[in-house]
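What follows is the content of final-v2.txt, which has compact mmCIF, C-alpha atoms:
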# COMPACT_ATOMS: atom_id res chain seq x y z
CA MET E 298 6.73 -2.84 4.24
CA ALA E 299 8.23 -3.03 0.78
CA SER E 300 8.08 -6.26 -1.20
CA GLN E 301 11.28 -8.12 -2.04
CA VAL E 302 10.95 -6.97 -5.64
CA ALA E 303 10.71 -3.31 -4.58
CA GLU E 304 13.63 -3.67 -2.17
CA ARG E 305 15.88 -5.31 -4.79
CA TYR E 306 15.07 -2.93 -7.61
CA GLY E 307 14.96 0.13 -5.35
CA GLU E 308 18.40 -0.74 -3.97
CA ALA E 309 19.77 -1.33 -7.47
CA LEU E 310 18.46 2.05 -8.60
CA PHE E 311 19.94 3.67 -5.47
CA GLU E 312 23.39 2.15 -6.11
CA LEU E 313 23.24 3.23 -9.75
CA ALA E 314 22.32 6.80 -8.72
CA LYS E 315 25.18 6.91 -6.20
CA GLU E 316 27.67 5.62 -8.76
CA SER E 317 26.57 8.24 -11.27
CA GLY E 318 26.85 11.02 -8.68
CA GLU E 319 23.25 12.04 -9.41
CA LEU E 320 21.55 10.80 -6.24
CA VAL E 321 19.77 14.02 -5.30
CA ARG E 322 18.68 14.79 -8.87
CA TRP E 323 17.41 11.25 -9.40
CA GLY E 324 15.61 11.47 -6.06
CA GLN E 325 13.74 14.55 -7.26
CA GLN E 326 12.91 12.89 -10.54
CA ALA E 327 11.80 9.68 -8.80
CA ARG E 328 9.39 11.74 -6.67
CA CYS E 329 7.92 13.27 -9.83
CA LEU E 330 7.65 9.89 -11.55
CA ALA E 331 5.96 8.33 -8.51
CA ALA E 332 3.51 11.24 -8.34
CA VAL E 333 2.69 10.95 -12.06
CA VAL E 334 2.04 7.22 -11.78
CA GLU E 335 0.02 7.55 -8.54
CA GLU E 336 -2.11 10.36 -9.94
CA ASN E 337 -2.73 8.49 -13.21
CA PRO E 338 -3.62 4.88 -12.37
CA GLN E 339 -4.59 4.29 -16.00
CA LEU E 340 -0.88 4.60 -16.81
CA LEU E 341 -0.11 1.51 -14.73
CA ASP E 342 -3.09 -0.24 -16.32
CA PHE E 343 -1.51 0.47 -19.70
CA PHE E 344 1.91 -0.86 -18.61
CA ASN E 345 0.37 -3.97 -17.05
CA ALA E 346 -1.89 -4.79 -20.00
CA VAL E 347 -0.95 -8.13 -21.56
CA LYS E 348 -2.38 -7.27 -24.97
CA ILE E 349 0.01 -4.34 -25.40
CA SER E 350 3.49 -5.28 -26.66
CA GLU E 351 6.64 -4.45 -24.73
CA GLU E 352 7.76 -2.27 -27.63
CA GLU E 353 4.56 -0.19 -27.45
CA LYS E 354 5.04 0.19 -23.71
CA LYS E 355 8.66 1.29 -24.14
CA GLN E 356 7.59 3.70 -26.85
CA MET E 357 5.09 5.22 -24.40
CA VAL E 358 7.79 5.54 -21.70
CA ASN E 359 10.04 7.33 -24.16
CA THR E 360 7.23 9.59 -25.34
CA LEU E 361 6.23 10.53 -21.81
CA PHE E 362 9.58 10.76 -20.03
CA ALA E 363 12.47 11.14 -22.50
CA GLY E 364 13.91 14.61 -22.05
CA GLN E 365 11.94 15.04 -18.81
CA VAL E 366 13.97 12.65 -16.65
CA ASP E 367 17.50 11.30 -16.80
CA SER E 368 18.02 8.78 -19.61
CA MET E 369 19.20 6.16 -17.10
CA LEU E 370 15.82 6.41 -15.33
CA VAL E 371 14.06 5.95 -18.66
CA HIS E 372 16.20 2.84 -19.27
CA PHE E 373 15.33 1.64 -15.78
CA LEU E 374 11.62 1.93 -16.63
CA ASP E 375 12.31 -0.01 -19.83
CA LEU E 376 13.97 -2.70 -17.70
CA LEU E 377 10.85 -2.92 -15.51
CA ILE E 378 8.84 -3.49 -18.69
CA ASP E 379 11.25 -6.19 -19.89
CA LYS E 380 11.17 -7.97 -16.52
CA LYS E 381 7.38 -7.57 -16.18
CA ARG E 382 7.76 -5.61 -12.95
CA THR E 383 5.77 -2.50 -13.89
CA LYS E 384 3.08 -3.21 -11.29
CA HIS E 385 5.76 -2.52 -8.67
CA THR E 386 6.86 0.81 -10.19
CA VAL E 387 5.58 3.11 -7.42
CA GLU E 388 6.74 0.77 -4.67
CA ILE E 389 10.23 0.57 -6.25
CA LEU E 390 10.41 4.35 -6.59
CA ARG E 391 9.28 4.78 -2.96
CA GLN E 392 11.97 2.32 -1.83
CA PHE E 393 14.58 4.28 -3.78
CA ILE E 394 13.33 7.56 -2.28
CA SER E 395 13.53 6.08 1.23
CA LEU E 396 17.14 5.03 0.65
CA GLU E 397 17.97 8.42 -0.82
CA ASN E 398 16.39 10.20 2.16
CA ALA E 399 18.30 8.01 4.62
CA GLU E 400 21.53 8.80 2.78
CA ARG E 401 20.82 12.54 3.12
CA GLY E 402 19.71 12.20 6.76
CA VAL E 403 16.10 13.13 6.07
CA ALA E 404 13.26 11.48 8.02
CA GLU E 405 10.07 10.58 6.19
CA GLY E 406 6.54 11.09 7.38
CA VAL E 407 2.95 11.35 6.27
CA VAL E 408 0.53 14.20 6.87
CA TYR E 409 -3.05 12.96 6.63
CA SER E 410 -5.77 15.48 5.88
CA ALA E 411 -9.45 15.44 4.98
CA ARG E 412 -8.65 17.13 1.67
CA LYS E 413 -5.52 17.51 -0.44
CA LEU E 414 -3.21 20.15 1.01
CA ALA E 415 -1.47 22.80 -1.06
CA LYS E 416 2.27 22.27 -1.50
CA GLU E 417 2.94 25.40 0.58
CA ASP E 418 0.85 24.02 3.47
CA VAL E 419 2.77 20.74 3.45
CA GLU E 420 6.05 22.70 3.44
CA ARG E 421 4.93 24.82 6.42
CA ILE E 422 3.98 21.68 8.34
CA GLU E 423 7.35 20.13 7.38
CA GLN E 424 9.21 23.16 8.71
CA ALA E 425 7.25 23.23 11.98
CA MET E 426 7.68 19.49 12.52
CA ALA E 427 11.38 19.65 11.59
CA LYS E 428 11.90 22.25 14.32
CA ARG E 429 10.04 20.07 16.79
CA GLN E 430 11.89 16.89 15.75
CA GLY E 431 15.29 18.53 15.41
CA GLN E 432 15.91 16.99 11.99
CA ASN E 433 15.04 17.49 8.35
CA LEU E 434 11.74 15.97 7.27
CA GLU E 435 10.01 15.06 4.08
CA LEU E 436 6.26 14.75 4.44
CA THR E 437 3.88 13.19 1.98
CA ASN E 438 0.24 14.29 1.98
CA ARG E 439 -2.40 11.56 1.97
CA VAL E 440 -6.11 12.26 1.95
CA ASP E 441 -8.23 10.56 4.62
CA PRO E 442 -11.81 11.89 4.49
CA ARG E 443 -12.58 10.16 7.83
CA LEU E 444 -10.59 12.91 9.59
CA ILE E 445 -13.46 15.38 8.93
CA SER E 446 -11.04 18.33 9.28
CA GLY E 447 -7.59 19.08 10.67
CA ILE E 448 -4.48 16.97 10.14
CA LYS E 449 -2.67 13.96 11.53
CA VAL E 450 1.12 13.71 11.15
CA VAL E 451 2.92 10.37 11.41
CA ILE E 452 6.73 10.35 11.60
CA GLY E 453 8.17 6.95 12.41
CA ASN E 454 6.38 5.76 15.55
CA GLU E 455 5.21 9.23 16.57
CA VAL E 456 1.66 10.37 15.80
CA ILE E 457 0.55 13.98 16.22
CA ASP E 458 -3.21 14.00 15.80
CA GLY E 459 -4.94 17.36 15.44
CA SER E 460 -7.89 16.01 13.49
CA MET E 461 -11.51 16.67 14.28
CA LYS E 462 -12.11 12.91 14.39
CA SER E 463 -9.56 12.60 17.19
CA LYS E 464 -11.09 15.49 19.12
CA ILE E 465 -14.60 14.01 18.80
CA GLU E 466 -13.39 10.59 19.99
CA SER E 467 -11.59 12.20 22.92
CA LEU E 468 -14.71 14.17 23.88
CA LYS E 469 -16.84 11.03 23.55
CA SER E 470 -14.54 9.07 25.86
CA GLU E 471 -14.57 11.91 28.41
CA LEU E 472 -18.36 12.01 28.35
CA LEU E 473 -18.58 8.24 28.79
CA LYS E 474 -16.20 8.38 31.78
CA GLU E 475 -18.29 11.06 33.47
CA SER E 476 -21.55 9.19 32.93
CA ARG E 477 -20.35 6.12 34.87
Kindly return the structure encoded in the file as structure tokens.
Amino acid sequence: MASQVAERYGEALFELAKESGELVRWGQQARCLAAVVEENPQLLDFFNAVKISEEEKKQMVNTLFAGQVDSMLVHFLDLLIDKKRTKHTVEILRQFISLENAERGVAEGVVYSARKLAKEDVERIEQAMAKRQGQNLELTNRVDPRLISGIKVVIGNEVIDGSMKSKIESLKSELLKESR
């Protein structure tokens, strides 16, 4: 569940994107920004460092993202720096993405795998699950080495578990039933 900070800022960003008529484009850019920050935790460390001035942080934002993402998104990141909310950046972007998906009628889900899946594999799983669900989906890949192999897909309250871990546990429970 998103924090109050993420909900407030995510909603504000969503309303701003709708007003500008750039909702889909900002959604794509927010996904890229979230991925960059998640894949580079040292970036958040930099933005959360107290010994680094706000001006230096804003300069870094402009160096990294100006020209790459919409200027309003860059200003939004500057606002997070001003309000000392940078530690919530990914959560805010995820909240915005959830609102954007809901607006477009797209369900969100997670595909867990023992190793990182190629983008094409995630897209194939999305297409197969979308057919099964009867709606458009957007899946995020998360690595869970405990799965051993295979995948587990979670969409809302539904879990489709094709992992080796699940199969081993199922076999174990069957064997224990028979031994009684």
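In this structure, atom CA of Ser317 of chain E sits 25.0 Å away from atom CA of Gln356 of chain E.
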Subject >> Shell around Arg305 of chain E at 12 Å using all atoms listed in the file, local window under 2 positions removed, as a ChimeraX atom specification >> reply: /E:299-303,307-312,382,385,388-390,392-393,396
Subject >> Coordinates-based distance that separates atom CA of Arg401 of chain E from atom CA of Gln326 of chain E (Å, one decimal) >> reply: 15.8 Å
**OP:** Counting all atoms listed in the file, figure out which residue out of E:Val450, E:Lys380, E:Leu330, E:Leu436 gets nearest to Glu417 of chain E.
**Re:** E:Leu436
Original post:
Using only C-alpha atoms, which of the listed residues (E:Val440, E:Val407, E:Met357, E:Leu320) sits closest to Asp375 of chain E?
Top reply: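 Among the listed residues, the smallest separation from Asp375 of chain E belongs to E:Met357.
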**OP:** For atom CA of Asn345 of chain E and atom CA of Trp323 of chain E, quote the distance in Å rounded to one decimal.
**Re:** 24.1 Å
Subject >> Selection: 12 Å around Glu420 of chain E, only C-alpha atoms, excl. self and same-chain fewer than 6 positions, as a list in words >> reply: Val408, Leu414, Met426, Ala427, Asn433, Leu434, Glu435, Leu436, Thr437 and Asn438 of chain E
Subject >> Nearest candidate to Val334 of chain E (options E:Lys449, E:Lys384, E:Arg439, E:Lys469; using all atoms listed in the file) >> reply: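 For Val334 of chain E, the nearest of the candidates is E:Lys384.
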Original post:
Hey, what's within 12 Å of Ser410 of chain E if we count only C-alpha atoms and toss same-chain stuff fewer than 4 positions away? As an NGL selection string, please?
Top reply: :E and (414-415 or 418-419 or 422 or 437-451 or 458-462)
Original post:
Which of these residues is nearest to Leu313 of chain E, using only C-alpha atoms: E:Glu405, E:Asp379, E:Glu353, E:Glu397?
Top reply: E:Glu397
Please define a box with edges along x, y and z of the file around all atoms of segment 458-463 of chain E given in the file, extend it by 4 Å on each side, and return its centre and edge lengths in Å to one decimal, as lines of an AutoDock Vina configuration file.
center_x = -7.7
center_y = 15.0
center_z = 15.3
size_x = 16.9
size_y = 12.8
size_z = 11.7
Original post:
Looking at all atoms listed in the file, which of E:Ile457, E:Leu370, E:Ala411, E:Ile452 is the one that sits closest to Gly324 of chain E?
Top reply: E:Leu370
